[in-house]
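Student: Contents of query30.cif (mmCIF, C-alpha atoms and all ligand atoms):
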```cif
data_entry
loop_
_atom_site.group_PDB
_atom_site.id
_atom_site.type_symbol
_atom_site.label_atom_id
_atom_site.label_comp_id
_atom_site.auth_asym_id
_atom_site.auth_seq_id
_atom_site.Cartn_x
_atom_site.Cartn_y
_atom_site.Cartn_z
ATOM 1 C CA MET A 1 48.519 109.145 30.581
ATOM 2 C CA TYR A 2 48.666 112.904 30.432
ATOM 3 C CA CYS A 3 51.361 115.238 31.620
ATOM 4 C CA ASN A 4 50.152 117.240 34.583
ATOM 5 C CA TYR A 5 52.064 120.268 33.459
ATOM 6 C CA CYS A 6 51.499 120.624 29.724
ATOM 7 C CA GLY A 7 48.549 118.242 29.300
ATOM 8 C CA LYS A 8 50.046 116.340 26.389
ATOM 9 C CA VAL A 9 49.651 112.588 26.044
ATOM 10 C CA ILE A 10 52.790 110.771 27.140
ATOM 11 C CA GLN A 11 53.879 107.185 27.604
ATOM 12 C CA ASP A 12 52.186 105.437 30.500
ATOM 13 C CA ASP A 13 55.455 104.390 32.078
ATOM 14 C CA ALA A 14 57.308 107.608 31.383
ATOM 15 C CA ASN A 15 59.202 109.249 34.211
ATOM 16 C CA LEU A 16 59.663 112.528 32.424
ATOM 17 C CA CYS A 17 57.354 114.326 30.080
ATOM 18 C CA ALA A 18 58.790 114.189 26.551
ATOM 19 C CA TYR A 19 57.320 117.615 25.757
ATOM 20 C CA CYS A 20 58.075 119.826 28.735
ATOM 21 C CA GLY A 21 60.628 117.663 30.541
ATOM 22 C CA LYS A 22 58.832 117.805 33.887
ATOM 23 C CA ARG A 23 58.973 114.844 36.180
ATOM 24 C CA VAL A 24 55.647 113.039 36.077
ATOM 25 C CA ALA A 25 56.455 109.799 37.901
ATOM 26 C CA GLY A 26 55.357 109.848 41.491
ATOM 27 C CA MET A 27 52.552 112.276 40.829
ATOM 28 C CA VAL A 28 50.080 109.464 41.225
ATOM 29 C CA ALA A 29 49.522 108.443 44.812
ATOM 30 C CA ARG A 30 52.137 105.777 44.949
ATOM 31 C CA LYS A 31 52.660 103.320 47.745
ATOM 32 C CA ARG A 32 55.680 104.119 49.832
ATOM 33 C CA LEU A 33 57.506 101.886 52.218
ATOM 34 C CA VAL A 34 56.932 103.736 55.456
ATOM 35 C CA ARG A 35 56.414 102.812 59.065
ATOM 36 C CA PRO A 36 52.791 103.540 59.906
ATOM 37 C CA ARG A 37 52.054 105.385 63.102
ATOM 38 C CA GLU A 38 48.926 103.369 63.765
ATOM 39 C CA GLY A 39 48.815 99.693 64.635
ATOM 40 C CA ARG A 40 52.519 99.162 65.063
ATOM 41 C CA LYS A 41 53.856 96.569 67.455
ATOM 42 C CA VAL A 42 57.501 97.599 67.752
ATOM 43 C CA ALA A 43 58.677 100.133 65.214
ATOM 44 C CA GLY A 44 56.022 99.569 62.567
ATOM 45 C CA VAL A 45 58.414 97.822 60.204
ATOM 46 C CA CYS A 46 56.240 94.718 59.778
ATOM 47 C CA LYS A 47 53.096 96.784 59.342
ATOM 48 C CA GLY A 48 54.866 98.952 56.788
ATOM 49 C CA PHE A 49 55.930 95.934 54.758
ATOM 50 C CA ALA A 50 52.439 94.467 55.054
ATOM 51 C CA GLU A 51 50.842 97.642 53.732
ATOM 52 C CA TYR A 52 53.397 97.980 50.980
ATOM 53 C CA PHE A 53 53.002 94.425 49.732
ATOM 54 C CA ASP A 54 49.277 94.290 50.554
ATOM 55 C CA LEU A 55 49.732 91.380 52.921
ATOM 56 C CA ASP A 56 48.500 90.443 56.375
ATOM 57 C CA PRO A 57 50.715 92.103 59.009
ATOM 58 C CA THR A 58 50.507 88.931 61.083
ATOM 59 C CA LEU A 59 51.954 86.940 58.190
ATOM 60 C CA ILE A 60 54.849 89.386 57.920
ATOM 61 C CA ARG A 61 55.439 89.187 61.665
ATOM 62 C CA VAL A 62 55.476 85.386 61.569
ATOM 63 C CA VAL A 63 57.923 85.374 58.641
ATOM 64 C CA TRP A 64 60.024 87.991 60.404
ATOM 65 C CA LEU A 65 59.974 86.007 63.628
ATOM 66 C CA VAL A 66 61.209 82.930 61.760
ATOM 67 C CA CYS A 67 64.043 85.030 60.310
ATOM 68 C CA LEU A 68 64.694 86.350 63.797
ATOM 69 C CA LEU A 69 65.041 82.842 65.151
ATOM 70 C CA CYS A 70 67.412 82.027 62.306
ATOM 71 C CA GLY A 71 69.535 84.957 63.402
ATOM 72 C CA ILE A 72 69.106 87.216 60.370
ATOM 73 C CA GLY A 73 65.875 88.970 61.304
ATOM 74 C CA PHE A 74 67.283 91.150 64.047
ATOM 75 C CA VAL A 75 69.829 92.923 61.884
ATOM 76 C CA ALA A 76 67.311 93.184 59.043
ATOM 77 C CA TYR A 77 64.752 94.713 61.398
ATOM 78 C CA ILE A 78 67.191 97.284 62.727
ATOM 79 C CA VAL A 79 68.267 98.159 59.187
ATOM 80 C CA ALA A 80 64.639 98.490 58.061
ATOM 81 C CA TRP A 81 63.893 100.572 61.161
ATOM 82 C CA ILE A 82 66.673 102.967 60.239
ATOM 83 C CA VAL A 83 66.072 103.211 56.505
ATOM 84 C CA MET A 84 62.283 103.229 56.458
ATOM 85 C CA PRO A 85 60.911 106.716 56.928
ATOM 86 C CA GLU A 86 58.138 107.250 59.399
ATOM 87 C CA GLU A 87 54.724 107.838 57.923
ATOM 88 C CA PRO A 88 54.047 111.567 57.678
ATOM 89 C CA LYS A 89 51.729 112.828 60.366
ATOM 90 C CA MET A 90 48.200 113.091 59.121
ATOM 91 C CA LEU A 91 46.916 116.595 59.408
ATOM 92 C CA PRO A 92 43.289 116.820 60.421
ATOM 93 C CA ALA A 93 41.057 117.548 57.464
ATOM 94 C CA PRO A 94 39.650 121.059 57.393
ATOM 95 C CA GLN A 95 36.192 121.367 58.874
ATOM 96 C CA GLY A 96 33.421 120.688 56.415
ATOM 97 C CA SER A 97 35.481 119.001 53.743
ATOM 98 C CA MET A 98 36.216 115.295 53.422
ATOM 99 C CA GLN A 99 33.417 114.531 55.837
ATOM 100 C CA ARG A 100 30.852 111.902 55.096
ATOM 101 C CA ALA A 101 27.745 110.981 56.987
ATOM 102 C CA PRO A 102 28.098 107.748 58.939
ATOM 103 C CA GLY A 103 26.899 104.662 57.157
ATOM 104 C CA GLN A 104 27.639 105.875 53.671
HETATM 105 ZN ZN ZN V 1 54.625 117.995 29.937
#
```
Output the structure of this file as structure tokens.
Ligand SMILES: [Zn+2]
Tutor:
Amino acid sequence: MYCNYCGKVIQDDANLCAYCGKRVAGMVARKRLVRPREGRKVAGVCKGFAEYFDLDPTLIRVVWLVCLLCGIGFVAYIVAWIVMPEEPKMLPAPQGSMQRAPGQ
């Protein structure tokens, strides 16, 4: 890949550019473990995990429910609720840009 700052070719898995020393990891749109604002049932923890691991939210909820019944899910859910940041609020796109005709 290329460094976004100096444009030199650097290692694909590099965190820092070897030439200018700038941090390059995380510049790509990386998946983050967040609690989505849309489609949440309780706090969005299950949905967040589902989106992060690319799994069906229902599957996560079922697994979580099983853990809950075993007595470990409740604490885990509360911990996840606390540590997982809420998804940043989506700002409406400026008029005219990012708009596509329906059906495309
Ligand atoms: Zn650089």
Student: Record the distance separating CA of Ala76 (chain A) and CA of Asp54 (chain A), expressed in Å with one decimal.
Tutor: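 Interatomic distance here is 20.0 Å.
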Student: Please indicate the distance in Å from CA of Glu87 (chain A) to CA of Pro36 (chain A), rounded to one decimal place.
Tutor: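 That distance, rounded to one decimal, is 5.1 Å.
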Student: Select, from A:Arg23, A:Ile10, A:Gly39, A:Gly73, the residue with the minimum atom-to-atom distance to Pro57 (chain A), counting all atoms listed in the file.
Tutor: A:Gly39
Student: Set out as JSON lines a contact list for chain A and ligand ZN 1 (chain V) with a cut-off of 7 Å, giving each residue of chain A that qualifies its closest atom pair and distance in Å to one decimal, counting all atoms listed in the file, ordered by chain and rising residue number.
Tutor:
```
{"residue": "A:Cys3", "atom": "CA", "partner": "V:ZN1", "partner_atom": "ZN", "distance": 4.6}
{"residue": "A:Asn4", "atom": "CA", "partner": "V:ZN1", "partner_atom": "ZN", "distance": 6.5}
{"residue": "A:Tyr5", "atom": "CA", "partner": "V:ZN1", "partner_atom": "ZN", "distance": 4.9}
{"residue": "A:Cys6", "atom": "CA", "partner": "V:ZN1", "partner_atom": "ZN", "distance": 4.1}
{"residue": "A:Gly7", "atom": "CA", "partner": "V:ZN1", "partner_atom": "ZN", "distance": 6.1}
{"residue": "A:Lys8", "atom": "CA", "partner": "V:ZN1", "partner_atom": "ZN", "distance": 6.0}
{"residue": "A:Cys17", "atom": "CA", "partner": "V:ZN1", "partner_atom": "ZN", "distance": 4.6}
{"residue": "A:Ala18", "atom": "CA", "partner": "V:ZN1", "partner_atom": "ZN", "distance": 6.6}
{"residue": "A:Tyr19", "atom": "CA", "partner": "V:ZN1", "partner_atom": "ZN", "distance": 5.0}
{"residue": "A:Cys20", "atom": "CA", "partner": "V:ZN1", "partner_atom": "ZN", "distance": 4.1}
{"residue": "A:Gly21", "atom": "CA", "partner": "V:ZN1", "partner_atom": "ZN", "distance": 6.0}
{"residue": "A:Lys22", "atom": "CA", "partner": "V:ZN1", "partner_atom": "ZN", "distance": 5.8}
```
Student: One number please: CA of Val75 (chain A) to CA of Glu38 (chain A), in Å, one decimal.
Tutor: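 Going from CA of Val75 (chain A) over to CA of Glu38 (chain A), I get 23.4 Å.
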Student: Any idea what's packed within 8 Å of Met84 (chain A), counting all atoms listed in the file, ignoring anything in its chain fewer than 2 positions away? Could you give it as a list of chain:residue names?
Tutor: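 These residues fall inside the cut-off: A:Leu33, A:Val34, A:Arg35, A:Val45, A:Ala80, A:Trp81, A:Ile82, A:Glu86.
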Student: Using only C-alpha atoms, which residue out of A:Tyr2, A:Ile78, A:Asp13, A:Cys46 lies closest to Trp64 (chain A)?
Tutor: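 With only C-alpha atoms as the atom set, the closest residue is A:Cys46.
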Student: Taking only C-alpha atoms into account, which of A:Arg32, A:Phe74, A:Pro85, A:Val79 comes nearest Tyr52 (chain A)?
Tutor: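 Counting only C-alpha atoms, the residue closest to Tyr52 (chain A) is A:Arg32.
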Student: What are the centre and the three edge lengths of an axis-aligned box that wraps all atoms of region 53-57 of chain A in the file, given that 6 Å is added to every side, written as JSON and rounded to one decimal in Å?
Tutor:
```
{"center_x": 50.8, "center_y": 92.4, "center_z": 54.4, "size_x": 16.5, "size_y": 16.0, "size_z": 21.3}
```
Student: With all atoms listed in the file as the basis for distance, which of A:Pro88, A:Asn15, A:Arg40, A:Val9 is at the shortest distance from Arg61 (chain A)?
Tutor: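 Under the stated criterion, the closest residue is A:Arg40.
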Student: Taking N, CA and C atoms as the atom set, what does region 32-63 of chain A look like once completed, written as a PDB file, keeping the file's coordinate frame?
Tutor:
```pdb
ATOM      1  N   ARG A  32      54.324 103.924  49.353  1.00  0.00           N
ATOM      2  CA  ARG A  32      55.680 104.119  49.832  1.00  0.00           C
ATOM      3  C   ARG A  32      55.912 103.196  51.010  1.00  0.00           C
ATOM      4  N   LEU A  33      57.135 102.748  51.111  1.00  0.00           N
ATOM      5  CA  LEU A  33      57.506 101.886  52.218  1.00  0.00           C
ATOM      6  C   LEU A  33      57.792 102.761  53.431  1.00  0.00           C
ATOM      7  N   VAL A  34      56.782 102.906  54.266  1.00  0.00           N
ATOM      8  CA  VAL A  34      56.932 103.736  55.456  1.00  0.00           C
ATOM      9  C   VAL A  34      56.477 102.943  56.682  1.00  0.00           C
ATOM     10  N   ARG A  35      56.848 103.439  57.822  1.00  0.00           N
ATOM     11  CA  ARG A  35      56.414 102.812  59.065  1.00  0.00           C
ATOM     12  C   ARG A  35      55.160 103.535  59.552  1.00  0.00           C
ATOM     13  N   PRO A  36      54.029 102.874  59.501  1.00  0.00           N
ATOM     14  CA  PRO A  36      52.791 103.540  59.906  1.00  0.00           C
ATOM     15  C   PRO A  36      52.804 103.889  61.386  1.00  0.00           C
ATOM     16  N   ARG A  37      52.124 104.969  61.706  1.00  0.00           N
ATOM     17  CA  ARG A  37      52.054 105.385  63.102  1.00  0.00           C
ATOM     18  C   ARG A  37      51.005 104.587  63.859  1.00  0.00           C
ATOM     19  N   GLU A  38      50.004 104.115  63.126  1.00  0.00           N
ATOM     20  CA  GLU A  38      48.926 103.369  63.765  1.00  0.00           C
ATOM     21  C   GLU A  38      49.171 101.878  63.648  1.00  0.00           C
ATOM     22  N   GLY A  39      48.832 101.147  64.692  1.00  0.00           N
ATOM     23  CA  GLY A  39      48.815  99.693  64.635  1.00  0.00           C
ATOM     24  C   GLY A  39      50.176  99.035  64.635  1.00  0.00           C
ATOM     25  N   ARG A  40      51.185  99.753  65.040  1.00  0.00           N
ATOM     26  CA  ARG A  40      52.519  99.162  65.063  1.00  0.00           C
ATOM     27  C   ARG A  40      52.722  98.396  66.371  1.00  0.00           C
ATOM     28  N   LYS A  41      53.553  97.357  66.259  1.00  0.00           N
ATOM     29  CA  LYS A  41      53.856  96.569  67.455  1.00  0.00           C
ATOM     30  C   LYS A  41      55.180  97.019  68.068  1.00  0.00           C
ATOM     31  N   VAL A  42      56.197  97.153  67.236  1.00  0.00           N
ATOM     32  CA  VAL A  42      57.501  97.599  67.752  1.00  0.00           C
ATOM     33  C   VAL A  42      57.844  98.936  67.104  1.00  0.00           C
ATOM     34  N   ALA A  43      58.326  98.887  65.894  1.00  0.00           N
ATOM     35  CA  ALA A  43      58.677 100.133  65.214  1.00  0.00           C
ATOM     36  C   ALA A  43      57.804 100.359  63.980  1.00  0.00           C
ATOM     37  N   GLY A  44      56.892  99.424  63.722  1.00  0.00           N
ATOM     38  CA  GLY A  44      56.022  99.569  62.567  1.00  0.00           C
ATOM     39  C   GLY A  44      56.616  99.014  61.292  1.00  0.00           C
ATOM     40  N   VAL A  45      57.749  98.347  61.403  1.00  0.00           N
ATOM     41  CA  VAL A  45      58.414  97.822  60.204  1.00  0.00           C
ATOM     42  C   VAL A  45      57.557  96.742  59.530  1.00  0.00           C
ATOM     43  N   CYS A  46      57.057  95.806  60.330  1.00  0.00           N
ATOM     44  CA  CYS A  46      56.240  94.718  59.778  1.00  0.00           C
ATOM     45  C   CYS A  46      54.968  95.264  59.157  1.00  0.00           C
ATOM     46  N   LYS A  47      54.335  96.191  59.843  1.00  0.00           N
ATOM     47  CA  LYS A  47      53.096  96.784  59.342  1.00  0.00           C
ATOM     48  C   LYS A  47      53.374  97.533  58.037  1.00  0.00           C
ATOM     49  N   GLY A  48      54.496  98.211  57.994  1.00  0.00           N
ATOM     50  CA  GLY A  48      54.866  98.952  56.788  1.00  0.00           C
ATOM     51  C   GLY A  48      55.047  98.026  55.603  1.00  0.00           C
ATOM     52  N   PHE A  49      55.740  96.920  55.828  1.00  0.00           N
ATOM     53  CA  PHE A  49      55.930  95.934  54.758  1.00  0.00           C
ATOM     54  C   PHE A  49      54.588  95.346  54.343  1.00  0.00           C
ATOM     55  N   ALA A  50      53.746  95.059  55.344  1.00  0.00           N
ATOM     56  CA  ALA A  50      52.439  94.467  55.054  1.00  0.00           C
ATOM     57  C   ALA A  50      51.603  95.391  54.181  1.00  0.00           C
ATOM     58  N   GLU A  51      51.626  96.694  54.510  1.00  0.00           N
ATOM     59  CA  GLU A  51      50.842  97.642  53.732  1.00  0.00           C
ATOM     60  C   GLU A  51      51.421  97.818  52.334  1.00  0.00           C
ATOM     61  N   TYR A  52      52.742  97.781  52.271  1.00  0.00           N
ATOM     62  CA  TYR A  52      53.397  97.980  50.980  1.00  0.00           C
ATOM     63  C   TYR A  52      53.117  96.820  50.043  1.00  0.00           C
ATOM     64  N   PHE A  53      53.201  95.608  50.570  1.00  0.00           N
ATOM     65  CA  PHE A  53      53.002  94.425  49.732  1.00  0.00           C
ATOM     66  C   PHE A  53      51.561  93.919  49.771  1.00  0.00           C
ATOM     67  N   ASP A  54      50.682  94.664  50.479  1.00  0.00           N
ATOM     68  CA  ASP A  54      49.277  94.290  50.554  1.00  0.00           C
ATOM     69  C   ASP A  54      49.096  92.905  51.173  1.00  0.00           C
ATOM     70  N   LEU A  55      49.797  92.673  52.251  1.00  0.00           N
ATOM     71  CA  LEU A  55      49.732  91.380  52.921  1.00  0.00           C
ATOM     72  C   LEU A  55      49.250  91.562  54.361  1.00  0.00           C
ATOM     73  N   ASP A  56      48.929  90.439  54.983  1.00  0.00           N
ATOM     74  CA  ASP A  56      48.500  90.443  56.375  1.00  0.00           C
ATOM     75  C   ASP A  56      49.701  90.755  57.276  1.00  0.00           C
ATOM     76  N   PRO A  57      49.596  91.770  58.122  1.00  0.00           N
ATOM     77  CA  PRO A  57      50.715  92.103  59.009  1.00  0.00           C
ATOM     78  C   PRO A  57      51.148  90.921  59.865  1.00  0.00           C
ATOM     79  N   THR A  58      50.174  90.103  60.260  1.00  0.00           N
ATOM     80  CA  THR A  58      50.507  88.931  61.083  1.00  0.00           C
ATOM     81  C   THR A  58      51.420  87.984  60.318  1.00  0.00           C
ATOM     82  N   LEU A  59      51.129  87.805  59.036  1.00  0.00           N
ATOM     83  CA  LEU A  59      51.954  86.940  58.190  1.00  0.00           C
ATOM     84  C   LEU A  59      53.390  87.458  58.148  1.00  0.00           C
ATOM     85  N   ILE A  60      53.521  88.773  57.969  1.00  0.00           N
ATOM     86  CA  ILE A  60      54.849  89.386  57.920  1.00  0.00           C
ATOM     87  C   ILE A  60      55.572  89.162  59.243  1.00  0.00           C
ATOM     88  N   ARG A  61      54.816  89.338  60.346  1.00  0.00           N
ATOM     89  CA  ARG A  61      55.439  89.187  61.665  1.00  0.00           C
ATOM     90  C   ARG A  61      55.913  87.758  61.881  1.00  0.00           C
ATOM     91  N   VAL A  62      55.100  86.797  61.418  1.00  0.00           N
ATOM     92  CA  VAL A  62      55.476  85.386  61.569  1.00  0.00           C
ATOM     93  C   VAL A  62      56.743  85.112  60.761  1.00  0.00           C
ATOM     94  N   VAL A  63      56.749  85.576  59.503  1.00  0.00           N
ATOM     95  CA  VAL A  63      57.923  85.374  58.641  1.00  0.00           C
ATOM     96  C   VAL A  63      59.146  86.030  59.282  1.00  0.00           C
TER      97      VAL A  63
END
```
